[in-house]
$ cat run_12.txt   # compact mmCIF, C-alpha atoms and all ligand atoms
# COMPACT_ATOMS: atom_id res chain seq x y z
CA MET A 2 -23.78 -128.37 -35.32
CA ARG A 3 -22.88 -128.78 -39.00
CA TYR A 4 -21.92 -132.08 -40.67
CA ALA A 5 -19.29 -132.84 -43.27
CA GLN A 6 -17.46 -135.53 -45.18
CA LEU A 7 -13.96 -134.76 -46.44
CA VAL A 8 -13.52 -136.97 -49.49
CA MET A 9 -9.86 -137.79 -50.20
CA GLY A 10 -7.86 -140.27 -52.24
CA PRO A 11 -5.48 -140.59 -55.18
CA ALA A 12 -6.33 -139.07 -58.57
CA GLY A 13 -8.97 -141.09 -60.36
CA SER A 14 -9.96 -143.08 -57.27
CA GLY A 15 -13.59 -142.01 -57.78
CA LYS A 16 -13.93 -139.09 -55.36
CA SER A 17 -16.11 -136.85 -57.52
CA THR A 18 -18.24 -139.80 -58.61
CA TYR A 19 -18.71 -140.80 -54.97
CA CYS A 20 -19.71 -137.24 -54.01
CA SER A 21 -22.43 -137.04 -56.61
CA ALA A 22 -23.61 -140.62 -55.90
CA ILE A 23 -23.99 -139.85 -52.17
CA GLN A 24 -25.76 -136.59 -52.96
CA GLN A 25 -28.23 -138.40 -55.21
CA HIS A 26 -28.70 -141.18 -52.68
CA ALA A 27 -29.56 -138.62 -49.99
CA ALA A 28 -31.95 -136.84 -52.38
CA SER A 29 -33.78 -140.13 -52.91
CA GLU A 30 -34.41 -140.08 -49.15
CA ASN A 31 -35.54 -136.44 -49.31
CA LYS A 32 -32.41 -135.19 -47.60
CA THR A 33 -30.23 -132.39 -48.86
CA ILE A 34 -26.50 -132.81 -49.08
CA ASP A 35 -24.42 -130.12 -50.75
CA VAL A 36 -21.12 -130.76 -52.47
CA VAL A 37 -18.21 -128.32 -52.44
CA ASN A 38 -15.48 -128.69 -55.06
CA LEU A 39 -12.12 -128.15 -53.34
CA ASP A 40 -10.07 -129.32 -56.31
CA PRO A 41 -8.49 -126.32 -58.12
CA ALA A 42 -7.54 -128.71 -60.97
CA ALA A 43 -10.96 -130.38 -61.36
CA GLU A 44 -11.83 -131.01 -64.99
CA TYR A 45 -15.07 -132.87 -64.65
CA PHE A 46 -17.73 -133.64 -62.05
CA ASP A 47 -21.43 -134.10 -62.53
CA TYR A 48 -22.79 -132.46 -59.38
CA ASN A 49 -23.83 -128.86 -59.13
CA PRO A 50 -21.39 -127.47 -56.52
CA LEU A 51 -22.53 -125.27 -53.66
CA VAL A 52 -19.08 -123.70 -53.80
CA ASP A 53 -16.46 -124.16 -56.50
CA ILE A 54 -12.93 -123.34 -55.36
CA ARG A 55 -11.89 -122.73 -58.99
CA GLU A 56 -13.70 -119.40 -58.70
CA LEU A 57 -11.07 -118.41 -56.14
CA VAL A 58 -8.03 -120.10 -57.65
CA HIS A 59 -7.57 -122.28 -60.72
CA LEU A 60 -4.54 -124.51 -61.28
CA ASP A 61 -4.24 -123.49 -64.95
CA ASP A 62 -3.89 -119.81 -64.02
CA VAL A 63 -1.22 -120.60 -61.44
CA MET A 64 0.73 -122.76 -63.92
CA GLU A 65 0.50 -120.15 -66.67
CA ASP A 66 1.89 -117.45 -64.38
CA ASP A 67 5.33 -116.45 -65.73
CA GLU A 68 6.64 -115.42 -62.32
CA LEU A 69 5.46 -118.44 -60.36
CA LYS A 70 6.59 -121.05 -62.95
CA PHE A 71 4.89 -123.99 -61.23
CA GLY A 72 4.39 -127.50 -62.59
CA PRO A 73 1.17 -129.40 -61.82
CA ASN A 74 2.14 -130.64 -58.34
CA GLY A 75 3.83 -127.48 -57.08
CA GLY A 76 0.95 -125.50 -58.56
CA LEU A 77 -1.59 -127.57 -56.72
CA VAL A 78 0.19 -127.12 -53.40
CA PHE A 79 0.36 -123.37 -54.09
CA CYS A 80 -3.41 -123.36 -54.78
CA MET A 81 -4.17 -125.18 -51.54
CA GLU A 82 -1.98 -122.77 -49.56
CA TYR A 83 -3.77 -119.91 -51.30
CA ILE A 84 -7.12 -121.32 -50.16
CA ILE A 85 -5.93 -121.47 -46.55
CA GLU A 86 -4.56 -117.91 -46.74
CA ASN A 87 -7.87 -116.72 -48.15
CA SER A 88 -10.06 -118.94 -46.00
CA SER A 89 -12.47 -116.05 -45.35
CA TRP A 90 -13.61 -116.44 -48.99
CA LEU A 91 -14.62 -120.06 -48.34
CA GLU A 92 -16.06 -119.24 -44.92
CA GLU A 93 -18.30 -116.60 -46.46
CA LYS A 94 -19.47 -118.94 -49.22
CA LEU A 95 -20.26 -121.67 -46.70
CA GLY A 96 -22.34 -119.22 -44.72
CA ASP A 97 -23.62 -119.81 -41.23
CA VAL A 98 -26.22 -122.54 -41.57
CA ASP A 99 -27.17 -124.85 -38.73
CA ASP A 100 -27.60 -128.61 -39.28
CA ASP A 101 -26.45 -128.58 -42.90
CA TYR A 102 -24.53 -131.48 -44.44
CA ILE A 103 -21.70 -130.83 -46.88
CA ILE A 104 -19.36 -133.13 -48.78
CA PHE A 105 -15.99 -131.66 -49.69
CA ASP A 106 -14.50 -133.09 -52.89
CA CYS A 107 -10.73 -132.77 -52.44
CA PRO A 108 -7.84 -132.90 -54.94
CA GLY A 109 -6.05 -136.14 -55.88
CA GLN A 110 -2.51 -135.38 -54.72
CA ILE A 111 -1.86 -138.05 -52.12
CA GLU A 112 0.96 -136.10 -50.43
CA LEU A 113 -1.60 -133.54 -49.26
CA TYR A 114 -3.04 -136.23 -46.99
CA THR A 115 -0.09 -138.42 -46.07
CA HIS A 116 2.42 -135.88 -44.82
CA MET A 117 1.59 -132.25 -45.60
CA THR A 118 -0.22 -129.99 -43.14
CA ILE A 119 -2.49 -128.07 -45.55
CA ILE A 120 -5.47 -130.40 -45.20
CA ARG A 121 -5.01 -130.43 -41.42
CA GLN A 122 -5.26 -126.61 -41.50
CA LEU A 123 -8.38 -126.84 -43.64
CA ILE A 124 -9.91 -129.28 -41.15
CA THR A 125 -9.23 -126.90 -38.26
CA MET A 126 -10.85 -124.09 -40.23
CA LEU A 127 -13.98 -126.19 -40.84
CA GLN A 128 -14.09 -127.34 -37.22
CA ASN A 129 -14.03 -123.68 -36.18
CA LEU A 130 -17.11 -123.22 -38.37
CA ASN A 131 -18.79 -125.87 -36.21
CA PHE A 132 -18.47 -128.75 -38.72
CA ARG A 133 -18.26 -132.29 -37.37
CA ILE A 134 -16.18 -134.04 -40.01
CA CYS A 135 -15.56 -137.60 -41.14
CA GLY A 136 -12.54 -138.23 -43.36
CA VAL A 137 -13.43 -140.54 -46.25
CA PHE A 138 -10.42 -142.05 -48.01
CA LEU A 139 -11.05 -143.75 -51.34
CA ILE A 140 -8.82 -146.35 -52.95
CA ASP A 141 -9.65 -147.95 -56.29
CA SER A 142 -10.43 -151.59 -55.48
CA GLN A 143 -8.72 -152.66 -58.71
CA PHE A 144 -5.40 -151.71 -57.06
CA MET A 145 -6.04 -153.82 -53.99
CA ILE A 146 -6.46 -157.32 -55.36
CA ASP A 147 -3.11 -158.86 -54.57
CA GLY A 148 -1.36 -159.20 -51.24
CA SER A 149 1.43 -156.66 -51.77
CA LYS A 150 -0.86 -154.02 -53.25
CA PHE A 151 -3.35 -154.53 -50.44
CA LEU A 152 -0.60 -154.04 -47.89
CA SER A 153 0.69 -150.89 -49.60
CA GLY A 154 -2.83 -149.44 -49.95
CA THR A 155 -3.36 -150.19 -46.28
CA MET A 156 -0.16 -148.35 -45.36
CA ALA A 157 -1.28 -145.33 -47.44
CA ALA A 158 -4.63 -145.30 -45.62
CA LEU A 159 -2.84 -145.60 -42.29
CA SER A 160 -0.57 -142.61 -43.01
CA VAL A 161 -3.61 -140.50 -43.87
CA MET A 162 -5.35 -141.55 -40.66
CA ILE A 163 -2.30 -140.74 -38.56
CA ASN A 164 -1.54 -137.46 -40.35
CA LEU A 165 -5.06 -136.03 -40.17
CA GLU A 166 -6.19 -137.31 -36.74
CA LEU A 167 -9.80 -137.22 -37.89
CA PRO A 168 -12.63 -139.75 -37.48
CA HIS A 169 -12.10 -141.72 -40.65
CA ILE A 170 -13.34 -144.45 -42.94
CA ASN A 171 -11.59 -146.16 -45.86
CA ILE A 172 -13.56 -147.08 -48.94
CA LEU A 173 -12.69 -149.47 -51.75
CA SER A 174 -14.28 -147.81 -54.75
CA LYS A 175 -15.42 -149.14 -58.14
CA MET A 176 -16.39 -152.59 -56.84
CA ASP A 177 -18.72 -152.87 -59.84
CA LEU A 178 -15.65 -153.15 -62.09
CA LEU A 179 -14.16 -156.20 -60.33
CA SER A 180 -14.49 -159.66 -61.84
CA LYS A 181 -16.00 -162.43 -59.74
CA SER A 182 -12.58 -163.96 -59.03
CA ALA A 183 -11.06 -160.58 -58.08
CA LYS A 184 -13.97 -159.98 -55.70
CA LYS A 185 -13.36 -163.35 -54.10
CA GLN A 186 -9.67 -162.57 -53.69
CA LEU A 187 -10.49 -159.22 -52.07
CA ASP A 188 -13.05 -160.85 -49.75
CA LYS A 189 -10.24 -162.99 -48.38
CA TYR A 190 -8.36 -159.88 -47.25
CA LEU A 191 -11.39 -158.12 -45.90
CA GLU A 192 -12.20 -160.95 -43.54
CA PRO A 193 -10.03 -160.70 -40.47
CA ASP A 194 -7.65 -163.43 -41.56
CA PRO A 195 -4.02 -162.30 -41.51
CA HIS A 196 -2.78 -165.72 -42.64
CA SER A 197 -4.24 -165.60 -46.14
CA LEU A 198 -2.86 -162.10 -46.69
CA LEU A 199 0.55 -163.08 -45.39
CA ALA A 200 0.60 -166.31 -47.40
CA ASP A 201 -0.01 -164.28 -50.58
CA ILE A 202 2.62 -161.71 -49.73
CA LYS A 203 5.24 -164.41 -49.26
CA LYS A 204 4.82 -165.54 -52.88
CA ASP A 205 6.06 -162.20 -54.16
CA PRO A 206 9.85 -162.12 -55.00
CA TRP A 207 10.43 -158.71 -53.40
CA ASN A 208 8.70 -159.88 -50.30
CA GLU A 209 10.73 -163.08 -50.22
CA LYS A 210 13.66 -160.87 -49.26
CA TYR A 211 11.70 -158.68 -46.87
CA LYS A 212 9.41 -161.45 -45.68
CA SER A 213 9.83 -160.78 -41.97
CA LEU A 214 9.19 -157.07 -42.41
CA SER A 215 6.02 -157.63 -44.47
CA GLU A 216 4.83 -160.23 -41.97
CA ALA A 217 5.45 -157.88 -39.07
CA ILE A 218 3.54 -155.06 -40.78
CA GLY A 219 0.70 -157.41 -41.76
CA ARG A 220 0.41 -158.74 -38.23
CA LEU A 221 0.53 -155.26 -36.69
CA ILE A 222 -2.34 -154.10 -38.91
CA GLU A 223 -4.37 -157.22 -38.19
CA ASP A 224 -3.66 -157.52 -34.47
CA TYR A 225 -4.61 -153.94 -33.71
CA SER A 226 -7.45 -153.70 -36.25
CA LEU A 227 -5.77 -150.51 -37.41
CA VAL A 228 -7.26 -150.20 -40.85
CA ARG A 229 -10.61 -151.36 -42.13
CA PHE A 230 -12.03 -151.06 -45.64
CA TYR A 231 -15.62 -150.74 -46.75
CA PRO A 232 -16.25 -152.01 -50.29
CA LEU A 233 -18.40 -149.59 -52.29
CA ASN A 234 -20.52 -150.35 -55.32
CA ILE A 235 -22.30 -147.13 -56.26
CA LYS A 236 -24.79 -149.14 -58.32
CA ASP A 237 -26.00 -150.95 -55.19
CA GLU A 238 -28.36 -148.69 -53.19
CA GLU A 239 -28.23 -150.93 -50.12
CA ASN A 240 -24.44 -150.76 -50.08
CA MET A 241 -24.61 -146.96 -50.45
CA ALA A 242 -27.09 -146.75 -47.57
CA ASP A 243 -24.82 -148.86 -45.33
CA ILE A 244 -21.80 -146.65 -46.01
CA LYS A 245 -23.77 -143.45 -45.50
CA LEU A 246 -25.17 -144.78 -42.22
CA THR A 247 -21.68 -145.73 -41.01
CA ILE A 248 -20.44 -142.21 -41.72
CA ASP A 249 -23.56 -140.57 -40.25
CA ASN A 250 -23.02 -142.52 -37.04
CA ILE A 251 -19.42 -141.32 -36.90
CA ILE A 252 -20.43 -137.66 -37.20
CA GLN A 253 -23.57 -138.27 -35.12
CA TYR A 254 -25.76 -136.88 -37.89
CA GLY A 255 -29.42 -137.10 -36.89
CA GLU A 256 -28.69 -138.00 -33.29
CA ASP A 257 -29.15 -134.46 -32.00
CA ALA A 258 -32.64 -134.39 -33.51
CA ASP A 259 -33.61 -137.62 -31.69
CA VAL A 260 -32.37 -136.25 -28.40
CA LYS A 261 -34.45 -133.10 -28.84
CA ILE A 262 -37.64 -135.15 -29.19
CA ARG A 263 -37.00 -137.14 -26.04
CA ASP A 264 -35.98 -134.12 -23.99
CA PHE A 265 -38.97 -132.02 -24.90
CA ASP A 266 -42.00 -132.12 -22.64
CA GLU A 267 -43.33 -128.64 -23.16
CA SER A 268 -46.48 -127.68 -25.04
CA ILE A 269 -47.92 -129.96 -27.71
CA GLU A 270 -47.16 -127.25 -30.24
CA ASP A 271 -43.46 -127.47 -29.49
CA ASP A 272 -43.54 -131.25 -29.70
CA ASP A 273 -45.12 -131.02 -33.13
CA LYS A 274 -42.42 -128.67 -34.28
CA ASP A 275 -39.74 -131.10 -33.25
CA ILE A 276 -41.33 -134.06 -34.90
CA ASN A 277 -41.52 -132.10 -38.14
CA TYR A 278 -37.93 -131.09 -37.73
CA ASP A 279 -36.87 -134.70 -37.35
CA ILE A 280 -38.67 -135.78 -40.49
CA ASN A 281 -37.20 -132.97 -42.52
CA THR A 282 -33.59 -133.38 -41.52
N1 LIG B 301 -17.51 -148.21 -63.07
C1 LIG B 301 -17.20 -147.25 -62.19
N2 LIG B 301 -16.46 -146.20 -62.60
C2 LIG B 301 -16.15 -145.25 -61.70
C3 LIG B 301 -16.59 -145.32 -60.35
N3 LIG B 301 -16.12 -144.23 -59.70
C4 LIG B 301 -15.42 -143.52 -60.61
N4 LIG B 301 -15.43 -144.11 -61.81
C5 LIG B 301 -14.76 -143.62 -63.04
O1 LIG B 301 -13.39 -143.40 -62.76
C6 LIG B 301 -12.93 -142.19 -63.35
C7 LIG B 301 -12.41 -141.22 -62.29
O2 LIG B 301 -13.48 -140.89 -61.42
P1 LIG B 301 -13.57 -139.50 -60.64
O3 LIG B 301 -14.78 -139.58 -59.78
O4 LIG B 301 -13.47 -138.35 -61.57
O5 LIG B 301 -12.24 -139.62 -59.76
P2 LIG B 301 -11.50 -138.50 -58.86
O6 LIG B 301 -10.33 -138.05 -59.65
O7 LIG B 301 -11.07 -139.25 -57.62
O8 LIG B 301 -12.50 -137.41 -58.57
C8 LIG B 301 -14.12 -141.62 -64.12
O9 LIG B 301 -13.99 -142.02 -65.46
C9 LIG B 301 -15.33 -142.27 -63.47
O10 LIG B 301 -16.40 -142.42 -64.37
C10 LIG B 301 -17.38 -146.45 -59.94
O11 LIG B 301 -17.78 -146.61 -58.80
N5 LIG B 301 -17.65 -147.38 -60.91
MG MG B 302 -12.41 -135.33 -58.95
$ encode --input "run_12.txt" --output "structure tokens" --more "lines below"
Ligand SMILES: Nc1nc2c(ncn2[C@@H]2O[C@H](COP(=O)(O)OP(=O)(O)O)[C@@H](O)[C@H]2O)c(=O)[nH]1
Ligand SMILES: [Mg+2]
Amino acid sequence: MRYAQLVMGPAGSGKSTYCSAIQQHAASENKTIDVVNLDPAAEYFDYNPLVDIRELVHLDDVMEDDELKFGPNGGLVFCMEYIIENSSWLEEKLGDVDDDYIIFDCPGQIELYTHMTIIRQLITMLQNLNFRICGVFLIDSQFMIDGSKFLSGTMAALSVMINLELPHINILSKMDLLSKSAKKQLDKYLEPDPHSLLADIKKDPWNEKYKSLSEAIGRLIEDYSLVRFYPLNIKDEENMADIKLTIDNIIQYGEDADVKIRDFDESIEDDDKDINYDINT
């Protein structure tokens, strides 16, 4: 089995920063996580990618092509389709390694996740390579600190979850940038208390008109625990460890190793091998 996180979210939500923070966090625990850049338009990231999709296709080249004549969004979609059509390139680069752990840093065009099928195709391709994948959707916490924004961010997360049909977690990024009062406000929404969220939404003029609709959506999300958010502060190692553990449990990373130890009752030599294996993975 191979393990993967597919890191998604709007442009600037902190995807690349998250990827390198998780990689460094794992390294501090002597574990190797590789990062693959899947963003053909990436300008900056501070990890050293295992694979960089820009070697296959670069947004600038597509946009400069006189025949294609794409703008940034059309160009990006073209690039992603190109990746799927040439998936053997990526497959070859990813190799055939057992028990590896890879984070895929995806582009920031939200439509790729909410209603297009390209990412779904990419997921199928990775699943065929034996990857067990957790979708990780990042939203900048600064855009979630009033009732209406929280509701709209929640709806965006929900469309991604429904569109991709993948085990999934939602992360509120950049918590270190929030003021104390903003943090308090956000805490109110994160606790399972629909009333405070709905009370805030009602204050908004737009929502005055569509009050019943907003209330119905708010209640639906709360009643069925449809969407949950994990606040992330990359400067807090304990917080990072909690999030990584949550994701590792979802993809059952490490569990196979435990099972092997318990199942083995052959020679002492074999037992030793497995214990070593467990420590190293
Ligand atoms: N303070 C702070 N800044 C962040 C954090 N995550 C991202 N940023 C900044 O937000 C900007 C966009 O981040 P990036 O990771 O490139 O976003 P991406 O477009 O989703 O890959 C950069 O200037 C980052 O330095 C965070 O957790 N805390
Ligand atoms: Mg990025």
$ closest_residue --input "run_12.txt" --among "A:Leu173, A:Leu7, A:Met117, A:Leu214" --to "ligand LIG 301 (chain B)" --atoms "only C-alpha atoms and all ligand atoms"
A:Leu173
$ residues_near_ligand --input "run_12.txt" --ligand "ligand MG 302 (chain B)" --cutoff "6 Å" --atoms "only C-alpha atoms and all ligand atoms" --output "MDAnalysis selection string"
chainID A and resid 16:17 43
$ residues_near_ligand --input "run_12.txt" --ligand "ligand LIG 301 (chain B)" --cutoff "8 Å" --atoms "only C-alpha atoms and all ligand atoms" --output "JSON, numbers by chain"
{"A": [9, 10, 11, 12, 13, 14, 15, 16, 17, 18, 19, 20, 43, 45, 46, 106, 107, 108, 109, 139, 174, 175, 176, 177, 178, 233, 234, 235, 236]}
$ residues_near_point --input "run_12.txt" --point "(-8.0, -122.2, -61.7)" --cutoff "12 Å" --atoms "all atoms listed in the file" --output "ChimeraX atom specification"
/A:38-44,53-66,73,76-77,79-81,83-84
$ residues_around --input "run_12.txt" --residues "A:Cys135" --least-positions-apart "4" --cutoff "7 Å" --atoms "only C-alpha atoms" --output "ChimeraX atom specification"
/A:5-7,167-169,248,251-252
$ closest_residue --input "run_12.txt" --among "A:Met2, A:Asn87, A:Ile172, A:Lys185" --to "A:Asn240" --atoms "all atoms listed in the file"
A:Ile172
$ residues_around --input "run_12.txt" --residues "A:Leu51" --least-positions-apart "3" --cutoff "7 Å" --atoms "only C-alpha atoms" --output "list in words"
Asp35, Val36 and Val37 of chain A
$ write_last_selection --input "run_12.txt" --atoms "C-alpha atoms" --output "mmCIF file, in the coordinates of the input"
data_model
loop_
_atom_site.group_PDB
_atom_site.id
_atom_site.type_symbol
_atom_site.label_atom_id
_atom_site.label_comp_id
_atom_site.auth_asym_id
_atom_site.auth_seq_id
_atom_site.Cartn_x
_atom_site.Cartn_y
_atom_site.Cartn_z
ATOM 1 C CA ASP A 35 -24.420 -130.120 -50.750
ATOM 2 C CA VAL A 36 -21.120 -130.760 -52.470
ATOM 3 C CA VAL A 37 -18.210 -128.320 -52.440
#
$ atom_distance --input "run_12.txt" --atom1 "atom CA of A:Ile104" --atom2 "atom CA of A:His26"
12.9 Å
$ closest_residue --input "run_12.txt" --among "A:Pro206, A:Gly72, A:Pro232, A:Gly219" --to "A:Ile170" --atoms "all atoms listed in the file"
A:Pro232
$ closest_residue --input "run_12.txt" --among "A:Gln122, A:His116, A:Ile134, A:Ala28" --to "A:Val8" --atoms "all atoms listed in the file"
A:Ile134
$ closest_residue --input "run_12.txt" --among "A:Thr33, A:Asn164, A:Ser89, A:Ser149" --to "A:Glu209" --atoms "all atoms listed in the file"
A:Ser149
$ closest_residue --input "run_12.txt" --among "A:Val161, A:Met156, A:Val78, A:Leu95" --to "A:Pro50" --atoms "only C-alpha atoms"
A:Leu95
$ atom_distance --input "run_12.txt" --atom1 "atom CA of A:Lys94" --atom2 "atom CA of A:Tyr114"
24.0 Å
$ atom_distance --input "run_12.txt" --atom1 "atom CA of A:Ala22" --atom2 "atom CA of A:Leu152"
27.8 Å
$ residues_around --input "run_12.txt" --residues "A:Ser21" --least-positions-apart "4" --cutoff "7 Å" --atoms "only C-alpha atoms" --output "list in words"
Ser17, Gln25, Asp47 and Tyr48 of chain A
$ decode --input "run_12.txt" --residues "stretch 129-161 of chain A" --atoms "C-alpha atoms" --output "mmCIF file, in the first residue's frame"
data_model
loop_
_atom_site.group_PDB
_atom_site.id
_atom_site.type_symbol
_atom_site.label_atom_id
_atom_site.label_comp_id
_atom_site.auth_asym_id
_atom_site.auth_seq_id
_atom_site.Cartn_x
_atom_site.Cartn_y
_atom_site.Cartn_z
ATOM 1 C CA ASN A 129 -4.714 2.374 -9.481
ATOM 2 C CA LEU A 130 -1.102 2.904 -8.409
ATOM 3 C CA ASN A 131 -2.138 1.550 -5.002
ATOM 4 C CA PHE A 132 -2.290 4.936 -3.210
ATOM 5 C CA ARG A 133 -4.665 5.307 -0.275
ATOM 6 C CA ILE A 134 -5.557 8.991 -0.427
ATOM 7 C CA CYS A 135 -6.940 11.605 1.942
ATOM 8 C CA GLY A 136 -8.267 14.818 0.408
ATOM 9 C CA VAL A 137 -7.082 17.852 2.376
ATOM 10 C CA PHE A 138 -9.010 21.040 1.628
ATOM 11 C CA LEU A 139 -7.530 24.288 2.901
ATOM 12 C CA ILE A 140 -9.433 27.505 3.501
ATOM 13 C CA ASP A 141 -7.749 30.650 4.791
ATOM 14 C CA SER A 142 -9.167 31.159 8.298
ATOM 15 C CA GLN A 143 -9.182 34.929 7.727
ATOM 16 C CA PHE A 144 -12.078 34.366 5.294
ATOM 17 C CA MET A 145 -14.131 32.408 7.797
ATOM 18 C CA ILE A 146 -14.602 34.817 10.672
ATOM 19 C CA ASP A 147 -18.137 36.003 10.119
ATOM 20 C CA GLY A 148 -21.322 33.985 9.865
ATOM 21 C CA SER A 149 -22.005 34.416 6.144
ATOM 22 C CA LYS A 150 -18.412 33.751 5.108
ATOM 23 C CA PHE A 151 -18.281 30.702 7.338
ATOM 24 C CA LEU A 152 -21.433 29.369 5.731
ATOM 25 C CA SER A 153 -20.130 29.997 2.202
ATOM 26 C CA GLY A 154 -16.740 28.415 2.997
ATOM 27 C CA THR A 155 -18.602 25.450 4.421
ATOM 28 C CA MET A 156 -20.643 25.102 1.234
ATOM 29 C CA ALA A 157 -17.444 25.216 -0.858
ATOM 30 C CA ALA A 158 -15.920 22.459 1.290
ATOM 31 C CA LEU A 159 -19.117 20.438 0.976
ATOM 32 C CA SER A 160 -19.123 20.664 -2.843
ATOM 33 C CA VAL A 161 -15.534 19.421 -2.929
#
